[in-house]
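**Q** Supplied in structure tokens, the structure appears directly below.
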Amino acid sequence: MKQLHADLVTLGFTGSYARVAAFARRWRAERQREQQTTGRGTFVPLHFDPGDAFQFDWSEDFAVLGGERAKLQVAHIKLSHSRAFLLRAYPLQNP
């Protein structure tokens with residue numbers, strides 16, 4: 001709000017910062033009422049049947065294998081229905 005007030009002043013606005021902040025609070029509250037939200041957005045519950053979907057991503061980590069430090073590619077899998085989480089480490093991401 002401080003930056004908005006400063007920008008308005010450079011354009012010739014002569015009102016106070018408190019006036020700009022009060023307007024912004026009122027405007028934000030009106031938008032939230034119009035959207036019927038709490039200000040954190042709308043929540044839409046998701047439903048997944050077993051085996052329907054999963055999330056997947058890669059990360060890198062290090063481990064000591066055979067006494068030597070090795071970089072590993074770790075596959076992260078999260079099943080959408082059960083929320084079960086699986087990890088599997090590979091030496092490379094390609095076959």
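By convention in this document, the chains of the structure tokens carry letters A, B, ... by their order, each chain's residues are numbered from 1, and ligands are numbered from 1 in the order they are shown.
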In segment 3-62 of chain A, what's strand (DSSP E or B) per DSSP? Answer as a PyMOL selection string?
**A** chain A and resi 54-62
**Q** I need the chosen residues saved as a compact mmCIF listing (two decimals), in the first residue's frame, with C-alpha atoms.
**A**
# COMPACT_ATOMS: atom_id res chain seq x y z
CA PHE A 54 -0.11 -40.65 -9.36
CA GLN A 55 2.49 -37.89 -9.07
CA PHE A 56 6.09 -38.41 -10.14
CA ASP A 57 9.32 -36.45 -9.81
CA TRP A 58 13.11 -36.93 -9.74
CA SER A 59 15.70 -35.70 -7.26
CA GLU A 60 19.43 -36.26 -6.74
CA ASP A 61 21.05 -37.59 -3.60
CA PHE A 62 24.30 -39.18 -2.53
**Q** Contacts of Pro91 of chain A at 12 Å or less, counting only C-alpha atoms, minus same-chain residues fewer than 3 places along, as a count of residues only?
**A** 16
**Q** One decimal, in Å: what's the spacing between atom CA of Lys2 of chain A and atom CA of Ser16 of chain A?
**A**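 If I compute the distance from atom CA of Lys2 of chain A to atom CA of Ser16 of chain A, I get 10.4 Å.
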**Q** How many Å lie between atom CA of Val9 of chain A and atom CA of Gln32 of chain A, rounded to one decimal?
**A** 27.4 Å
**Q** Quick one: distance from atom CA of Glu34 of chain A to atom CA of Arg19 of chain A in Å, one decimal?
**A**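 Atom CA of Arg19 of chain A lies 22.7 Å from atom CA of Glu34 of chain A.
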**Q** Just the residues within 12 Å of Ala84 of chain A, please, counting only C-alpha atoms, with nothing from its chain fewer than 5 positions along; format it as a CSV table (one decimal) with N, CA and C atoms, in the first residue's frame.
**A**
chain,number,residue,atom,x,y,z
A,50,PRO,N,-8.7,-46.0,-7.0
A,50,PRO,CA,-7.4,-46.7,-6.9
A,50,PRO,C,-6.9,-47.0,-8.3
A,51,GLY,N,-5.6,-46.7,-8.5
A,51,GLY,CA,-4.9,-46.9,-9.8
A,51,GLY,C,-5.2,-45.8,-10.8
A,53,ALA,N,-4.5,-42.4,-10.8
A,53,ALA,CA,-3.5,-41.3,-11.0
A,53,ALA,C,-2.4,-41.4,-9.9
A,54,PHE,N,-1.2,-40.8,-10.3
A,54,PHE,CA,-0.1,-40.7,-9.4
A,54,PHE,C,0.7,-39.4,-9.7
A,55,GLN,N,1.6,-39.0,-8.8
A,55,GLN,CA,2.5,-37.9,-9.1
A,55,GLN,C,3.9,-38.5,-9.1
A,76,HIS,N,10.5,-40.3,-7.1
A,76,HIS,CA,9.5,-40.1,-6.1
A,76,HIS,C,8.1,-40.4,-6.7
A,77,ILE,N,7.4,-41.2,-6.1
A,77,ILE,CA,6.1,-41.6,-6.6
A,77,ILE,C,5.1,-41.5,-5.5
A,78,LYS,N,4.0,-40.7,-5.7
A,78,LYS,CA,2.9,-40.6,-4.7
A,78,LYS,C,1.6,-41.0,-5.4
A,79,LEU,N,1.0,-42.0,-4.8
A,79,LEU,CA,-0.3,-42.5,-5.3
A,79,LEU,C,-1.4,-41.6,-4.9
